[in-house]
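K.L.:
query.txt is reproduced below (compact mmCIF, C-alpha atoms).
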```txt
# COMPACT_ATOMS: atom_id res chain seq x y z
CA MET A 1 -23.32 4.37 15.71
CA ARG A 2 -22.44 0.75 14.98
CA GLU A 3 -23.21 -1.94 17.52
CA PRO A 4 -19.58 -2.75 18.51
CA THR A 5 -18.88 0.99 19.04
CA TYR A 6 -22.05 1.28 21.14
CA PHE A 7 -20.99 -1.61 23.37
CA VAL A 8 -17.39 -0.34 23.70
CA LEU A 9 -18.81 2.95 25.04
CA ALA A 10 -21.38 1.12 27.16
CA ALA A 11 -18.62 -1.05 28.67
CA LEU A 12 -16.93 2.11 29.97
CA LEU A 13 -20.10 3.50 31.61
CA ARG A 14 -19.29 2.05 35.03
CA GLY A 15 -15.70 3.25 34.98
CA PRO A 16 -12.36 3.05 33.17
CA LEU A 17 -11.19 -0.33 31.87
CA HIS A 18 -8.18 -1.73 29.97
CA GLY A 19 -8.40 -3.39 26.53
CA TYR A 20 -9.14 -6.99 27.52
CA ALA A 21 -11.62 -5.89 30.21
CA ILE A 22 -13.50 -3.80 27.61
CA MET A 23 -13.79 -6.87 25.37
CA LYS A 24 -15.13 -9.01 28.23
CA ARG A 25 -17.53 -6.35 29.48
CA ALA A 26 -18.92 -5.66 25.96
CA GLU A 27 -19.55 -9.39 25.51
CA GLU A 28 -21.25 -9.58 28.89
CA LEU A 29 -23.46 -6.51 28.28
CA SER A 30 -24.55 -7.73 24.85
CA GLU A 31 -25.23 -11.23 26.26
CA GLY A 32 -22.55 -12.73 24.01
CA ARG A 33 -23.79 -11.07 20.83
CA VAL A 34 -20.86 -8.66 20.46
CA ARG A 35 -17.55 -10.47 20.66
CA LEU A 36 -14.86 -7.90 19.93
CA ALA A 37 -11.57 -9.14 18.51
CA THR A 38 -8.33 -7.41 19.51
CA GLY A 39 -7.70 -5.73 16.14
CA THR A 40 -11.29 -4.45 15.98
CA LEU A 41 -11.15 -3.16 19.55
CA TYR A 42 -8.00 -1.08 19.03
CA THR A 43 -9.25 0.30 15.69
CA ALA A 44 -12.44 1.37 17.51
CA LEU A 45 -10.45 2.83 20.43
CA ASP A 46 -8.24 4.83 18.01
CA ARG A 47 -11.31 6.26 16.32
CA LEU A 48 -13.19 6.97 19.55
CA THR A 49 -10.11 8.65 21.07
CA ALA A 50 -9.69 10.83 17.95
CA GLU A 51 -13.39 11.76 18.11
CA GLY A 52 -13.03 12.69 21.77
CA HIS A 53 -15.46 10.04 23.05
CA VAL A 54 -12.83 8.04 24.92
CA GLU A 55 -9.71 9.17 26.76
CA LEU A 56 -6.63 7.56 28.20
CA VAL A 57 -7.02 7.50 31.98
CA SER A 58 -3.90 5.72 33.20
CA GLU A 59 -0.88 3.81 32.04
CA GLU A 60 0.88 1.17 34.10
CA ARG A 61 3.38 -1.63 33.56
CA VAL A 62 2.02 -5.13 34.18
CA GLY A 63 4.39 -8.06 33.68
CA GLY A 64 6.87 -5.77 31.89
CA ARG A 65 4.28 -4.60 29.37
CA VAL A 66 2.30 -1.36 29.10
CA ARG A 67 -1.35 -1.60 30.13
CA ARG A 68 -3.49 1.43 29.34
CA THR A 69 -6.85 2.16 30.90
CA TYR A 70 -9.52 4.04 28.97
CA GLY A 71 -12.46 6.03 30.23
CA LEU A 72 -15.53 7.69 28.81
CA THR A 73 -15.36 11.46 28.24
CA GLU A 74 -18.36 13.75 28.76
CA GLY A 75 -18.78 13.89 24.99
CA GLY A 76 -18.65 10.10 24.77
CA SER A 77 -21.19 9.74 27.54
CA ALA A 78 -23.52 12.22 25.81
CA ALA A 79 -23.12 10.45 22.45
CA LEU A 80 -23.89 7.09 24.09
CA ARG A 81 -27.01 8.44 25.81
CA ALA A 82 -28.17 10.14 22.60
CA GLU A 83 -27.78 6.83 20.75
CA ALA A 84 -29.65 4.96 23.50
CA VAL A 85 -32.53 7.50 23.35
CA ARG A 86 -32.61 7.25 19.55
CA MET A 87 -32.79 3.44 19.72
CA ALA A 88 -35.43 3.53 22.46
CA GLU A 89 -37.58 5.90 20.38
CA ALA A 90 -37.16 3.69 17.34
CA ALA A 91 -38.12 0.65 19.42
CA ARG A 92 -41.11 2.47 20.94
CA LEU A 93 -42.39 3.26 17.44
CA VAL A 94 -42.66 -0.45 16.74
CA ILE A 95 -43.77 -1.60 20.20
CA ASP A 96 -46.48 1.09 20.60
CA SER A 97 -47.99 0.29 17.21
CA GLY A 98 -48.27 -3.30 18.40
CA ALA A 99 -46.82 -4.55 15.13
CA GLY A 100 -45.91 -8.20 15.28
CA THR A 101 -47.89 -8.90 18.46
CA LYS A 102 -51.17 -10.86 18.42
CA ALA A 103 -53.12 -7.85 19.73
CA GLY A 104 -51.63 -5.64 17.01
CA ILE A 105 -52.53 -8.06 14.22
CA VAL A 106 -56.14 -8.36 15.52
CA ALA A 107 -56.42 -4.56 15.87
CA ARG A 108 -55.19 -4.03 12.31
CA LYS A 109 -57.67 -6.64 10.98
CA LEU A 110 -60.54 -4.91 12.80
CA ARG A 111 -59.49 -1.54 11.37
CA THR A 112 -59.40 -2.88 7.79
CA THR A 113 -62.80 -4.70 8.00
CA MET B 1 1.81 -23.12 30.39
CA SER B 2 5.59 -23.47 30.58
CA GLU B 3 7.92 -20.49 30.20
CA LEU B 4 9.11 -21.95 26.89
CA ASP B 5 5.52 -22.07 25.56
CA VAL B 6 4.90 -18.49 26.66
CA SER B 7 8.05 -17.19 25.00
CA LEU B 8 7.13 -19.04 21.78
CA LEU B 9 3.65 -17.53 21.88
CA VAL B 10 5.07 -14.05 22.55
CA ARG B 11 7.51 -14.44 19.64
CA ARG B 12 4.76 -15.53 17.27
CA THR B 13 2.41 -12.80 18.43
CA LYS B 14 5.14 -10.19 17.97
CA LEU B 15 5.61 -11.52 14.44
CA LEU B 16 1.89 -11.01 13.88
CA LEU B 17 2.14 -7.44 15.11
CA ARG B 18 4.47 -6.65 12.20
CA PHE B 19 1.30 -6.18 10.13
CA TYR B 20 1.00 -2.82 11.92
CA PRO B 21 3.20 0.11 10.75
CA PRO B 22 6.36 0.70 12.87
CA ASP B 23 5.12 3.97 14.43
CA TYR B 24 1.87 2.34 15.46
CA ARG B 25 3.71 -0.69 16.87
CA ALA B 26 5.95 1.58 18.93
CA HIS B 27 2.88 3.24 20.42
CA ARG B 28 0.43 0.35 20.84
CA GLY B 29 2.45 -2.83 20.21
CA GLU B 30 2.93 -3.88 23.84
CA GLU B 31 -0.67 -3.13 24.69
CA ILE B 32 -2.05 -5.20 21.80
CA LEU B 33 0.40 -7.98 22.65
CA ASP B 34 -0.83 -7.99 26.24
CA THR B 35 -4.48 -8.20 25.13
CA LEU B 36 -3.72 -10.95 22.59
CA LEU B 37 -1.94 -13.02 25.23
CA GLU B 38 -4.97 -12.69 27.50
CA THR B 39 -7.30 -13.91 24.77
CA THR B 40 -5.15 -17.00 24.14
CA ARG B 41 -5.93 -20.12 26.17
CA PRO B 42 -2.99 -21.67 28.07
CA GLY B 43 -1.14 -24.31 26.08
CA ARG B 44 -1.84 -22.81 22.67
CA GLY B 45 1.04 -21.84 20.41
CA TRP B 46 -0.88 -19.19 18.47
CA PRO B 47 -3.64 -16.72 19.32
CA PRO B 48 -7.13 -17.91 18.14
CA ALA B 49 -7.70 -17.71 14.35
CA ARG B 50 -10.33 -15.00 14.84
CA GLU B 51 -7.80 -12.85 16.72
CA VAL B 52 -5.13 -13.45 14.08
CA ALA B 53 -7.54 -12.34 11.33
CA SER B 54 -8.53 -9.22 13.28
CA VAL B 55 -4.89 -8.26 13.93
CA ILE B 56 -4.05 -8.68 10.22
CA GLY B 57 -7.11 -6.60 9.27
CA GLY B 58 -6.35 -3.96 11.91
CA GLY B 59 -2.70 -3.83 10.83
CA LEU B 60 -3.58 -3.33 7.18
CA ARG B 61 -6.11 -0.64 8.11
CA ALA B 62 -3.49 1.14 10.24
CA ARG B 63 -0.96 0.95 7.39
CA ARG B 64 -3.53 2.32 4.94
CA ALA B 65 -4.27 5.21 7.31
CA ALA B 66 -0.57 5.90 7.86
CA ASN B 67 -0.03 6.04 4.09
CA LEU B 68 -2.74 8.67 3.77
CA ASN B 69 -1.91 10.86 6.75
CA GLN B 70 -0.05 13.38 4.56
CA GLY B 71 -3.26 14.24 2.68
CA LEU B 72 -4.56 13.69 -0.84
CA ARG B 73 -2.51 16.42 -2.50
CA ALA B 74 0.78 15.08 -1.14
CA SER B 75 -0.24 11.53 -2.13
CA LEU B 76 -0.88 12.67 -5.70
CA ARG B 77 2.49 14.44 -5.72
CA HIS B 78 4.11 11.19 -4.57
CA VAL B 79 2.43 9.34 -7.45
CA GLY B 80 3.92 11.83 -9.93
CA ILE B 81 7.38 11.64 -8.38
CA LEU B 82 7.30 7.83 -8.28
CA ALA B 83 6.22 7.71 -11.94
CA ALA B 84 9.14 10.01 -12.86
CA ALA B 85 11.54 7.88 -10.83
CA MET B 86 10.24 4.73 -12.57
CA ILE B 87 10.73 6.32 -15.99
CA MET B 88 14.28 7.15 -15.02
CA ALA B 89 14.99 3.64 -13.71
CA GLN B 90 13.33 1.99 -16.71
CA THR B 91 16.15 2.93 -19.11
CA PRO B 92 18.96 0.96 -17.42
CA ALA B 93 16.46 -1.73 -16.38
CA GLY B 94 15.39 -2.23 -19.99
CA LEU B 95 19.00 -2.36 -21.13
CA LEU B 96 19.85 -4.94 -18.47
CA GLY B 97 16.91 -6.99 -19.72
CA THR B 98 18.11 -6.69 -23.32
CA VAL B 99 21.60 -7.84 -22.39
CA SER B 100 20.24 -10.81 -20.40
CA GLN B 101 18.07 -11.82 -23.38
CA HIS B 102 21.09 -11.54 -25.65
CA ILE B 103 23.23 -13.70 -23.35
CA ALA B 104 20.46 -16.31 -23.06
CA ALA B 105 19.78 -16.37 -26.82
CA PRO B 106 22.60 -14.74 -28.84
CA PHE B 107 20.80 -15.25 -32.18
CA ARG B 108 18.45 -12.32 -31.50
CA PRO B 109 18.75 -9.48 -34.03
CA TYR B 110 21.08 -7.18 -32.18
CA GLY B 111 24.75 -7.24 -31.43
CA LEU B 112 26.73 -6.54 -28.32
CA VAL B 113 30.29 -5.42 -28.06
CA PRO B 114 32.52 -6.29 -25.10
CA GLY B 115 32.40 -3.78 -22.30
CA VAL B 116 28.69 -2.93 -22.63
CA GLU B 117 27.94 -4.70 -19.34
CA LEU B 118 30.33 -2.36 -17.58
CA GLY B 119 28.56 0.68 -19.06
CA LEU B 120 25.20 -0.76 -18.05
CA ALA B 121 26.32 -1.47 -14.52
CA LEU B 122 27.66 2.09 -14.28
CA GLY B 123 24.47 3.60 -15.75
CA SER B 124 22.26 1.56 -13.39
CA LEU B 125 24.37 2.48 -10.39
CA LEU B 126 24.21 6.17 -11.29
CA VAL B 127 20.43 6.02 -11.64
CA VAL B 128 20.11 4.38 -8.23
CA VAL B 129 22.44 7.06 -6.79
CA ALA B 130 20.32 9.79 -8.41
CA LEU B 131 17.10 8.32 -6.99
CA ALA B 132 18.54 7.88 -3.51
CA ALA B 133 19.97 11.42 -3.63
CA ALA B 134 16.57 12.81 -4.68
CA TRP B 135 14.91 10.98 -1.80
CA CYS B 136 17.50 12.31 0.64
CA GLY B 137 17.30 15.88 -0.70
CA ARG B 138 20.83 16.08 -2.22
CA ARG B 139 20.14 18.32 -5.17
CA TRP B 140 23.58 18.50 -6.77
CA LEU B 141 24.14 14.78 -6.40
CA VAL B 142 20.92 14.12 -8.36
CA ALA B 143 21.99 16.45 -11.15
CA ALA B 144 25.51 15.01 -11.29
CA ALA B 145 24.31 11.39 -11.29
CA VAL B 146 21.71 12.01 -14.00
CA ILE B 147 24.11 14.00 -16.17
CA ALA B 148 26.54 11.08 -15.94
CA ALA B 149 23.85 8.44 -16.43
CA VAL B 150 22.36 9.91 -19.63
CA PRO B 151 25.49 9.55 -21.82
CA ALA B 152 26.23 6.15 -20.26
CA ALA B 153 22.74 4.89 -21.07
CA VAL B 154 22.66 6.47 -24.53
CA ALA B 155 26.08 5.04 -25.39
CA CYS B 156 24.95 1.57 -24.33
CA ARG B 157 21.76 1.86 -26.32
CA LEU B 158 23.64 2.95 -29.44
CA VAL B 159 25.94 -0.02 -29.07
CA VAL B 160 23.12 -2.49 -28.39
CA TYR B 161 21.03 -1.43 -31.36
CA GLY B 162 23.89 -1.01 -33.80
CA GLY B 163 23.94 2.77 -33.74
CA GLN B 164 20.27 3.44 -34.53
CA LEU B 165 18.96 6.85 -33.54
CA THR B 166 17.45 6.14 -30.14
CA LEU B 167 18.87 9.26 -28.49
CA VAL B 168 15.52 11.05 -28.20
CA GLU B 169 13.75 7.99 -26.82
CA MET B 170 16.46 7.59 -24.20
CA ALA B 171 17.29 11.13 -23.20
CA VAL B 172 13.91 12.86 -23.22
CA PRO B 173 12.26 10.70 -20.53
CA THR B 174 15.36 10.93 -18.35
CA VAL B 175 15.49 14.72 -18.67
CA MET B 176 11.75 14.92 -17.95
CA ALA B 177 12.20 12.71 -14.91
CA LEU B 178 15.06 14.95 -13.80
CA ALA B 179 12.75 17.98 -14.08
CA VAL B 180 10.37 16.26 -11.64
CA LEU B 181 13.03 14.89 -9.30
CA LEU B 182 15.13 18.04 -8.91
CA PRO B 183 12.37 20.15 -7.29
CA LEU B 184 11.73 17.16 -5.01
CA THR B 185 15.14 17.61 -3.45
CA LYS B 186 14.22 20.93 -1.92
CA HIS B 187 10.69 20.01 -0.94
CA ALA B 188 10.03 19.39 2.72
CA LYS B 189 7.54 16.56 2.10
CA ARG B 190 9.40 14.04 0.02
CA PRO B 191 7.93 10.55 -0.47
CA PRO B 192 8.98 8.19 2.31
CA ILE B 193 12.17 6.23 1.78
CA SER B 194 10.06 3.05 2.06
CA LEU B 195 8.65 3.82 -1.42
CA LEU B 196 12.06 3.75 -3.07
CA TRP B 197 11.56 0.01 -3.70
CA LEU B 198 9.21 0.77 -6.59
CA PRO B 199 11.68 2.43 -9.02
CA CYS B 200 14.47 0.06 -7.87
CA LEU B 201 12.44 -3.13 -8.40
CA PRO B 202 12.63 -3.20 -12.26
CA LEU B 203 16.41 -2.76 -11.95
CA ALA B 204 16.65 -5.58 -9.39
CA VAL B 205 14.45 -7.90 -11.46
CA ASN B 206 16.52 -7.33 -14.59
CA ALA B 207 19.75 -7.74 -12.65
CA VAL B 208 18.46 -11.15 -11.49
CA ALA B 209 17.64 -12.00 -15.13
CA LEU B 210 21.18 -11.04 -16.08
CA LEU B 211 22.66 -13.26 -13.38
CA ALA B 212 20.36 -16.11 -14.41
CA ALA B 213 21.45 -15.65 -18.05
CA ALA B 214 25.09 -15.86 -16.96
CA TRP B 215 24.18 -19.26 -15.43
CA GLY B 216 22.53 -20.32 -18.68
CA LEU B 217 18.91 -19.75 -17.65
CA ASP B 218 16.57 -17.68 -19.82
CA ILE B 219 14.01 -16.27 -17.39
CA GLN B 220 13.39 -13.13 -19.46
CA GLN B 221 10.95 -14.79 -21.84
CA ALA B 222 8.46 -12.82 -23.88
CA PHE B 223 4.77 -13.74 -24.01
CA PRO B 224 3.99 -16.57 -26.45
CA ASN B 225 2.93 -15.52 -29.97
CA ALA B 226 4.04 -11.93 -29.27
CA THR B 227 4.48 -9.86 -32.42
CA LEU B 228 6.98 -7.00 -32.73
CA SER B 229 4.02 -4.61 -32.70
CA SER B 230 2.62 -5.99 -29.43
CA ILE B 231 6.09 -6.03 -27.82
CA VAL B 232 6.51 -2.30 -28.53
CA LEU B 233 2.92 -1.55 -27.54
CA LEU B 234 3.33 -3.18 -24.15
CA ALA B 235 6.93 -2.10 -23.45
CA PRO B 236 8.40 -2.30 -20.86
CA TYR B 237 5.85 -4.90 -19.68
CA ASN B 238 6.35 -7.37 -22.51
CA THR B 239 7.94 -10.29 -20.65
CA TYR B 240 6.68 -12.37 -17.73
CA LEU B 241 9.52 -11.12 -15.54
CA SER B 242 8.77 -7.45 -16.27
CA LEU B 243 5.32 -7.97 -14.71
CA VAL B 244 6.85 -8.57 -11.27
CA PRO B 245 6.80 -4.85 -10.25
CA VAL B 246 3.20 -4.60 -11.50
CA LEU B 247 2.14 -7.64 -9.46
CA VAL B 248 3.88 -6.32 -6.34
CA ALA B 249 2.18 -2.93 -6.83
CA VAL B 250 -1.19 -4.73 -7.20
CA CYS B 251 -0.58 -6.57 -3.90
CA TRP B 252 0.40 -3.23 -2.34
CA LEU B 253 -3.12 -1.97 -3.09
CA ALA B 254 -4.20 -3.54 0.21
CA THR B 255 -2.42 -0.73 2.04
CA ASP B 256 -1.31 1.84 -0.55
CA VAL B 257 -2.69 2.95 -3.93
CA ARG B 258 0.35 5.10 -4.81
CA PRO B 259 2.66 2.38 -6.27
CA LEU B 260 0.10 1.00 -8.74
CA ALA B 261 -1.05 4.52 -9.66
CA ALA B 262 2.60 5.41 -10.36
CA VAL B 263 3.03 2.28 -12.51
CA THR B 264 -0.04 3.09 -14.63
CA LEU B 265 0.94 6.78 -14.88
CA GLN B 266 4.47 6.02 -16.07
CA PHE B 267 3.04 3.48 -18.57
CA LEU B 268 0.69 6.20 -19.82
CA LEU B 269 3.52 8.76 -20.06
CA TRP B 270 5.63 6.34 -22.09
CA ARG B 271 2.68 5.79 -24.47
CA ILE B 272 2.17 9.54 -24.90
CA LEU B 273 5.88 9.98 -25.52
CA TYR B 274 5.89 7.17 -28.11
CA VAL B 275 2.90 8.68 -29.87
CA ALA B 276 4.49 12.17 -29.75
CA PHE B 277 7.71 10.88 -31.34
CA ASN B 278 5.78 8.69 -33.77
CA ALA B 279 7.64 5.63 -32.51
CA TYR B 280 4.57 3.42 -32.45
CA PRO B 281 3.99 0.65 -34.95
CA ALA B 282 0.25 0.99 -34.22
CA GLU B 283 -1.78 -0.36 -37.12
CA SER B 284 -4.78 1.86 -36.58
CA TRP B 285 -6.04 4.79 -34.58
CA THR B 286 -8.33 2.45 -32.65
CA GLN B 287 -5.32 0.46 -31.47
CA MET B 288 -3.56 3.66 -30.42
CA ALA B 289 -6.68 4.95 -28.66
CA ILE B 290 -6.88 1.69 -26.68
CA VAL B 291 -3.19 1.78 -25.79
CA VAL B 292 -3.43 5.37 -24.50
CA GLY B 293 -7.04 5.23 -23.26
CA LEU B 294 -6.71 2.10 -21.13
CA PRO B 295 -3.82 3.31 -18.91
CA LEU B 296 -5.48 6.73 -18.74
CA ALA B 297 -8.74 5.17 -17.50
CA LEU B 298 -6.83 2.98 -15.05
CA THR B 299 -4.83 5.94 -13.69
CA CYS B 300 -8.05 7.96 -13.24
CA ALA B 301 -9.70 5.02 -11.45
CA LEU B 302 -6.75 4.69 -9.07
CA VAL B 303 -6.72 8.43 -8.36
CA TRP B 304 -10.44 8.14 -7.56
CA LEU B 305 -9.70 5.20 -5.23
CA LEU B 306 -6.96 7.24 -3.53
CA ARG B 307 -9.44 10.08 -3.02
CA GLN B 308 -12.07 7.75 -1.61
CA ARG B 309 -9.61 6.20 0.82
CA ALA B 310 -8.33 9.63 1.90
CA ARG B 311 -11.93 10.64 2.66
CA THR B 312 -12.74 7.59 4.74
CA ALA B 313 -9.31 7.09 6.35
CA PRO B 314 -9.42 6.32 10.07
CA PRO B 315 -7.32 8.49 12.41
CA THR B 316 -3.63 7.64 12.70
CA ILE B 317 -1.92 6.84 15.97
CA GLY B 318 1.76 6.77 16.60
```
For this file, write the structure as structure tokens.
P.N.:
Amino acid sequence: MREPTYFVLAALLRGPLHGYAIMKRAEELSEGRVRLATGTLYTALDRLTAEGHVELVSEERVGGRVRRTYGLTEGGSAALRAEAVRMAEAARLVIDSGAGTKAGIVARKLRTT
Amino acid sequence: MSELDVSLLVRRTKLLLRFYPPDYRAHRGEEILDTLLETTRPGRGWPPAREVASVIGGGLRARRAANLNQGLRASLRHVGILAAAMIMAQTPAGLLGTVSQHIAAPFRPYGLVPGVELGLALGSLLVVVALAAAWCGRRWLVAAAVIAAVPAAVACRLVVYGGQLTLVEMAVPTVMALAVLLPLTKHAKRPPISLLWLPCLPLAVNAVALLAAAWGLDIQQAFPNATLSSIVLLAPYNTYLSLVPVLVAVCWLATDVRPLAAVTLQFLLWRILYVAFNAYPAESWTQMAIVVGLPLALTCALVWLLRQRARTAPPTIG
């Protein structure tokens, strides 16, 4: 799963949102790292809807224009959690080995001498 | 932001949304417009550049997906049909080009008799009618238009080239194209009407050249230092103007591979036909191998690209 897709799904964890709110929430959750553009967002929503990860929850008219709200499906929620677990395991692999940290470098030196 | 500013922004944003295919716009247009307006700061006349780029990219992706939603097999069938339609349109288009060249420079080595323009106009019109009828599924209209267009085109050709035997060269491709187009009329999945521009473009381009020639402008110029051999080898793409449909088809690659694949396929079919009727002034087998091999390789590459795109196409909405 690509990072923008991950954050689109994560943005919907708390409840259904409309397009612009998804963009804002994804930016907020990723601490400004993922800034979705409109075209990218709707391409992702089309794909996620076709895959059954996202569903249309409601449709209303605001200022004369259609505003659709999207929510996470059970499948989408499961896929998001599976991805989070996969990333956590991948992160643990690095953190537990101590690679990159001072203690890890010292431990590796001791092992090799 | 004043109401005037908002309406200007809405108008411009709607213009931007035209990058999306009509079906998609009907389904999502208002929603995307709403989101784009929210991303635009008050007082600005256009959405941010980043948003504009993403809408253009998203629109092209949606168009590409919409062009592939009928599946690979149907896309390949469309390529074949378009190539046949182009072969059929090429005869009157080529003749229009010849007449415009003659008007612009009457010293060229062929003669025209009065009334040939009328025959050409009639032949071109009949070909356009046949193509439109095929696209609309009118079987008998296709047959009638082609049957009428063949003698019109052949008669013109005989007049233009002083009665030389060009009957086979003219009639065989048209009859072959008819064999492809007639079954199309009863098929449920015909190519979309939006693809009819491809076979009609060479006709339109040559009609413009004819009009320009009538005004004393020679815009149908051949490549510099072109020999008779190279002109025949590259026909019908042996003038700058004749490259217009190729260039448009190349630009179309951004959303659709079918037009360029049809152009290369019809070029290849013409080469095979020339070789079969020994009409090539090719100086060696190597030259002939290049002339046939290059369009063959290009057609195969485009079919591969079509397959790749069909595999990775995003879902279509609308």
K.L.:
Suppose you want the space between CA of Thr299 (chain B) and CA of Val250 (chain B); what is it in Å?
P.N.:
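Going from CA of Thr299 (chain B) over to CA of Val250 (chain B), I get 13.0 Å.
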K.L.:
With a distance cut-off of 12 Å and only C-alpha atoms, select the neighbouring residues of Arg14 (chain A), excluding the residue or stretch itself and same-chain residues fewer than 2 positions from it, and output the selection as a ChimeraX atom specification.
P.N.:
/A:8-12,16-17,22,25-26,29,70-72,77
K.L.:
Show me which bits of chain A are within 9 Å of chain B, counting only C-alpha atoms, as a PyMOL selection string.
P.N.:
chain A and resi 18-20+37-40+42-43+46-47+50-51+62+65-68
K.L.:
One number please: CA of Ala145 (chain B) to CA of Tyr274 (chain B), in Å, one decimal.
P.N.:
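It comes out at 25.3 Å.
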K.L.:
Please measure the separation of CA of His78 (chain B) and CA of Pro183 (chain B), giving the value in Å to one decimal.
P.N.:
12.5 Å
K.L.:
Can you list, as a list in words, every protein, DNA or RNA residue that comes within 9 Å of Pro259 (chain B) when you count only C-alpha atoms, leaving out same-chain residues fewer than 4 positions away?
P.N.:
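Surrounding residues, per the criterion: Val79, Leu82, Ala83, Leu195, Leu198, Val246, Val248, Ala249, Val250, Trp252, Leu253, Val263 and Thr264 of chain B.
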K.L.:
Could you write out the selected residues, including C-alpha atoms, as a PDB file, in the frame of the given file?
P.N.:
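As a result, part-v8.pdb now contains:
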```
ATOM      1  CA  VAL B  79       2.430   9.340  -7.450  1.00  0.00           C
ATOM      2  CA  LEU B  82       7.300   7.830  -8.280  1.00  0.00           C
ATOM      3  CA  ALA B  83       6.220   7.710 -11.940  1.00  0.00           C
ATOM      4  CA  LEU B 195       8.650   3.820  -1.420  1.00  0.00           C
ATOM      5  CA  LEU B 198       9.210   0.770  -6.590  1.00  0.00           C
ATOM      6  CA  VAL B 246       3.200  -4.600 -11.500  1.00  0.00           C
ATOM      7  CA  VAL B 248       3.880  -6.320  -6.340  1.00  0.00           C
ATOM      8  CA  ALA B 249       2.180  -2.930  -6.830  1.00  0.00           C
ATOM      9  CA  VAL B 250      -1.190  -4.730  -7.200  1.00  0.00           C
ATOM     10  CA  TRP B 252       0.400  -3.230  -2.340  1.00  0.00           C
ATOM     11  CA  LEU B 253      -3.120  -1.970  -3.090  1.00  0.00           C
ATOM     12  CA  VAL B 263       3.030   2.280 -12.510  1.00  0.00           C
ATOM     13  CA  THR B 264      -0.040   3.090 -14.630  1.00  0.00           C
TER      14      THR B 264
END
```
K.L.:
Please put the answer as lines of an AutoDock Vina configuration file: centre and edge lengths, in Å with one decimal, of a box along x, y and z that encloses all listed atoms of region 24-39 of chain A plus 4 Å on each side.
P.N.:
```
center_x = -16.5
center_y = -9.2
center_z = 22.8
size_x = 25.5
size_y = 15.1
size_z = 21.3
```
